[in-house]
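One structure is given below, encoded as structure tokens.
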Amino acid sequence: MKLAAKKALITGGNSGIGLATARLFITEGAEVAITGRDQKTLDEAVAELGPKAHGYRADVTVAEDRKRLFADLAKDFGKLDIVFANAGIGGRTPTGATDEATFENIVHTNLNGAFFTVNSAAPLLNDNGSIIFNGSVHNYLGQAGVAAYAATKGGVVSMARAIAADLAPRNIRVNVVAPGATKTPIWKRGARANASAEESAKLADFFSSVVPLGRWGEPEELAKAVLFLASDDSSYINAIELVVDGGATGAPFGAPIFRG
């Protein structure tokens, strides 16, 4: 097992990529703490994951929640070996029609929340540990209407490099996994929450058409990439961004929509 006797924290571990990663980490021998803002889905996730999972209701953007979370982790876990700063939100911020509160909420959650999660975790991390941030291909795509989200995901990459330098004396590796279109609940939220089955199917088909592999990613595929960065399989990999997008950013003209 690749994570035998390891202790891991996964923020936003109650659904999507976070939950899939928690499952895989436990299969590979780790004891896992997951956080979530919704107590119901958090309880359901812990029940599914079994006795090696521990749930903590916490909003990583709230200082008091973080303080309580890491006090509880220090008591329950003692030390950590892995942190997957996965919690984040999407949202549309079209230029010329976006209010400051919407923009700032995305930045506060995806950038501030990620940094202060790791900032709070650093004293609990064992030397030779691993930190993984969840990024996004929106660091590269230049898609209309997502300026705040794209900015946070680009910022996470730059931030991870600086944190890798900060923690290098302790041999703590810091990397980013950057998903492309992945089948997670985030696609059912926000403006898409009330989409019809036909509209959802049309969106799914479109995104599949612009990925060279011709399909969406599965959360379990992203989890495998996170496992790689968390484990000794990547022991000499530090301060990188691992893009997991079926080739959408690396070979876009190989996508079905361009094949003629």
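Letters A, B, ... go to the chains of the structure tokens in the order shown; residues in each chain start at 1; ligands are counted from 1 in the same order.
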Give me the residues near Ala162 of chain A as a VMD selection string, where near means some atom within 12 Å (using only C-alpha atoms) and where sequence neighbours in that chain fewer than 2 positions away do not count. chain A and resid 115 155 to 160 164 to 168 173 to 175 238 to 240
Kindly save the residues from that selection, with C-alpha atoms included, as a PDB file, in the first residue's frame.
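Now in selection-v2.pdb:
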```pdb
ATOM      1  CA  PHE A 115      -3.421  29.403   1.518  1.00  0.00           C
ATOM      2  CA  GLY A 155      -2.685  32.181  -8.389  1.00  0.00           C
ATOM      3  CA  VAL A 156      -2.702  28.756  -6.747  1.00  0.00           C
ATOM      4  CA  VAL A 157       0.100  27.617  -9.081  1.00  0.00           C
ATOM      5  CA  SER A 158       2.294  30.627  -8.310  1.00  0.00           C
ATOM      6  CA  MET A 159       1.470  30.334  -4.624  1.00  0.00           C
ATOM      7  CA  ALA A 160       2.375  26.648  -4.558  1.00  0.00           C
ATOM      8  CA  ALA A 164       7.467  24.875  -1.970  1.00  0.00           C
ATOM      9  CA  ALA A 165      10.445  27.202  -1.431  1.00  0.00           C
ATOM     10  CA  ASP A 166       9.262  28.039   2.098  1.00  0.00           C
ATOM     11  CA  LEU A 167       8.981  24.367   3.073  1.00  0.00           C
ATOM     12  CA  ALA A 168      11.989  23.019   1.174  1.00  0.00           C
ATOM     13  CA  ARG A 173       6.846  18.786  -1.413  1.00  0.00           C
ATOM     14  CA  VAL A 174       4.180  21.169  -2.755  1.00  0.00           C
ATOM     15  CA  ASN A 175       2.435  20.490  -6.060  1.00  0.00           C
ATOM     16  CA  ASN A 238       8.197  19.352  -6.399  1.00  0.00           C
ATOM     17  CA  ALA A 239       6.603  22.685  -7.355  1.00  0.00           C
ATOM     18  CA  ILE A 240       4.888  21.387 -10.499  1.00  0.00           C
TER      19      ILE A 240
END
```
Interface rows for segment 179-232 of chain A against segment 62-81 of chain A: nearest pair, Å to one decimal, 12 Å, only C-alpha atoms, as JSON lines:
```
{"residue": "A:Ala230", "atom": "CA", "partner": "A:Asp81", "partner_atom": "CA", "distance": 8.8}
{"residue": "A:Ser231", "atom": "CA", "partner": "A:Asp81", "partner_atom": "CA", "distance": 9.9}
{"residue": "A:Asp232", "atom": "CA", "partner": "A:Asp81", "partner_atom": "CA", "distance": 11.6}
```
Using only C-alpha atoms, the shortest atom-to-atom distance to Met1 of chain A among A:Leu227, A:Ile163, A:Ala255, A:Ala122 belongs to A:Leu227
Picked from segment 106-164 of chain A by DSSP as strand (DSSP E), as a VMD selection string: chain A and resid 125 to 134
With only C-alpha atoms as the atoms that count, which of A:Ala114, A:Gln39, A:Ile17, A:Lys153 lies nearest to Leu141 of chain A? A:Lys153
Just how far from atom CA of Lys183 of chain A is atom CA of Pro219 of chain A, in Å to one decimal? 6.4 Å
Considering only C-alpha atoms, give me a table of residues in segment 102-217 of chain A that are at most 8 Å from segment 40-60 of chain A, with the closest atom pair and distance in Å for each, as JSON lines.
```
{"residue": "A:Thr109", "atom": "CA", "partner": "A:Val60", "partner_atom": "CA", "distance": 7.6}
{"residue": "A:Gly113", "atom": "CA", "partner": "A:Val60", "partner_atom": "CA", "distance": 5.3}
{"residue": "A:Ala114", "atom": "CA", "partner": "A:Val60", "partner_atom": "CA", "distance": 7.6}
{"residue": "A:Phe116", "atom": "CA", "partner": "A:Val60", "partner_atom": "CA", "distance": 7.7}
{"residue": "A:Thr117", "atom": "CA", "partner": "A:Val60", "partner_atom": "CA", "distance": 6.5}
```
Go ahead and dump the residues you just picked, N, CA and C atoms, as an mmCIF file, in the first residue's frame.
```cif
data_model
loop_
_atom_site.group_PDB
_atom_site.id
_atom_site.type_symbol
_atom_site.label_atom_id
_atom_site.label_comp_id
_atom_site.auth_asym_id
_atom_site.auth_seq_id
_atom_site.Cartn_x
_atom_site.Cartn_y
_atom_site.Cartn_z
ATOM 1 N N THR A 109 -12.468 32.323 -1.260
ATOM 2 C CA THR A 109 -12.602 30.871 -1.071
ATOM 3 C C THR A 109 -11.450 30.106 -1.705
ATOM 4 N N GLY A 113 -8.636 30.819 1.114
ATOM 5 C CA GLY A 113 -8.950 29.581 1.833
ATOM 6 C C GLY A 113 -7.897 28.525 1.651
ATOM 7 N N ALA A 114 -7.387 28.387 0.416
ATOM 8 C CA ALA A 114 -6.340 27.392 0.148
ATOM 9 C C ALA A 114 -5.057 27.735 0.890
ATOM 10 N N PHE A 116 -4.599 29.665 3.620
ATOM 11 C CA PHE A 116 -4.682 29.590 5.077
ATOM 12 C C PHE A 116 -4.935 28.170 5.573
ATOM 13 N N THR A 117 -5.460 27.307 4.724
ATOM 14 C CA THR A 117 -5.502 25.882 5.073
ATOM 15 C C THR A 117 -4.087 25.349 5.246
#
```
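Using only C-alpha atoms, the contacts of Phe133 of chain A at a cut-off of 7 Å, with sequence neighbours closer than 3 positions omitted, comprise Phe84, Ala85, Asn86, Asn175, Val176 and Val177 of chain A.
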Can you list, as JSON, numbers by chain, every residue of segment 31-217 of chain A that DSSP puts in helix (DSSP H, G or I)? {"A": [39, 40, 41, 42, 43, 44, 45, 46, 47, 48, 49, 63, 64, 65, 66, 67, 68, 69, 70, 71, 72, 73, 74, 75, 76, 100, 101, 102, 103, 104, 105, 106, 107, 108, 109, 110, 111, 112, 113, 114, 115, 116, 117, 118, 119, 120, 121, 122, 123, 124, 138, 139, 140, 141, 147, 148, 149, 150, 151, 152, 153, 154, 155, 156, 157, 158, 159, 160, 161, 162, 163, 164, 165, 166, 167, 168, 169, 170, 185, 186, 187, 188, 190, 191, 192, 197, 198, 199, 200, 201, 202, 203, 204, 205, 206, 207, 208, 209]}
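Closest approach to Tyr236 of chain A from the set A:Asn171, A:Thr102, A:Ala121, A:Lys7 is made by A:Asn171, with distances taken over only C-alpha atoms.
When only C-alpha atoms are used to measure the gap to Thr249 of chain A, the shortest distance among A:Gly154, A:Gly142, A:Arg161, A:Ala148 belongs to A:Gly142.
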So that I can see what lies close to Pro212 of chain A, please list as a list in words the residues with an atom at most 12 Å from it, counting only C-alpha atoms and leaving out residues fewer than 3 positions away in the same chain. Gly180, Ala181, Phe207, Ser208, Ser209, Arg215, Trp216, Gly217, Asp245, Gly246, Gly247, Ala248, Thr249, Gly250, Ala251, Pro252, Phe253, Gly254, Ala255, Pro256, Ile257, Phe258 and Arg259 of chain A
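The shortest atom-to-atom distance to Ser234 of chain A, with only C-alpha atoms taken into account, belongs to A:Asn128 out of A:Asn128, A:Asn139, A:Thr95, A:Asn110.
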Closest of A:Val83, A:Ile172, A:Ala22, A:Ile132 to Val226 of chain A - atom-to-atom distances counting only C-alpha atoms: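 Comparing A:Val83, A:Ile172, A:Ala22, A:Ile132 against Val226 of chain A, the winner is A:Ile132.
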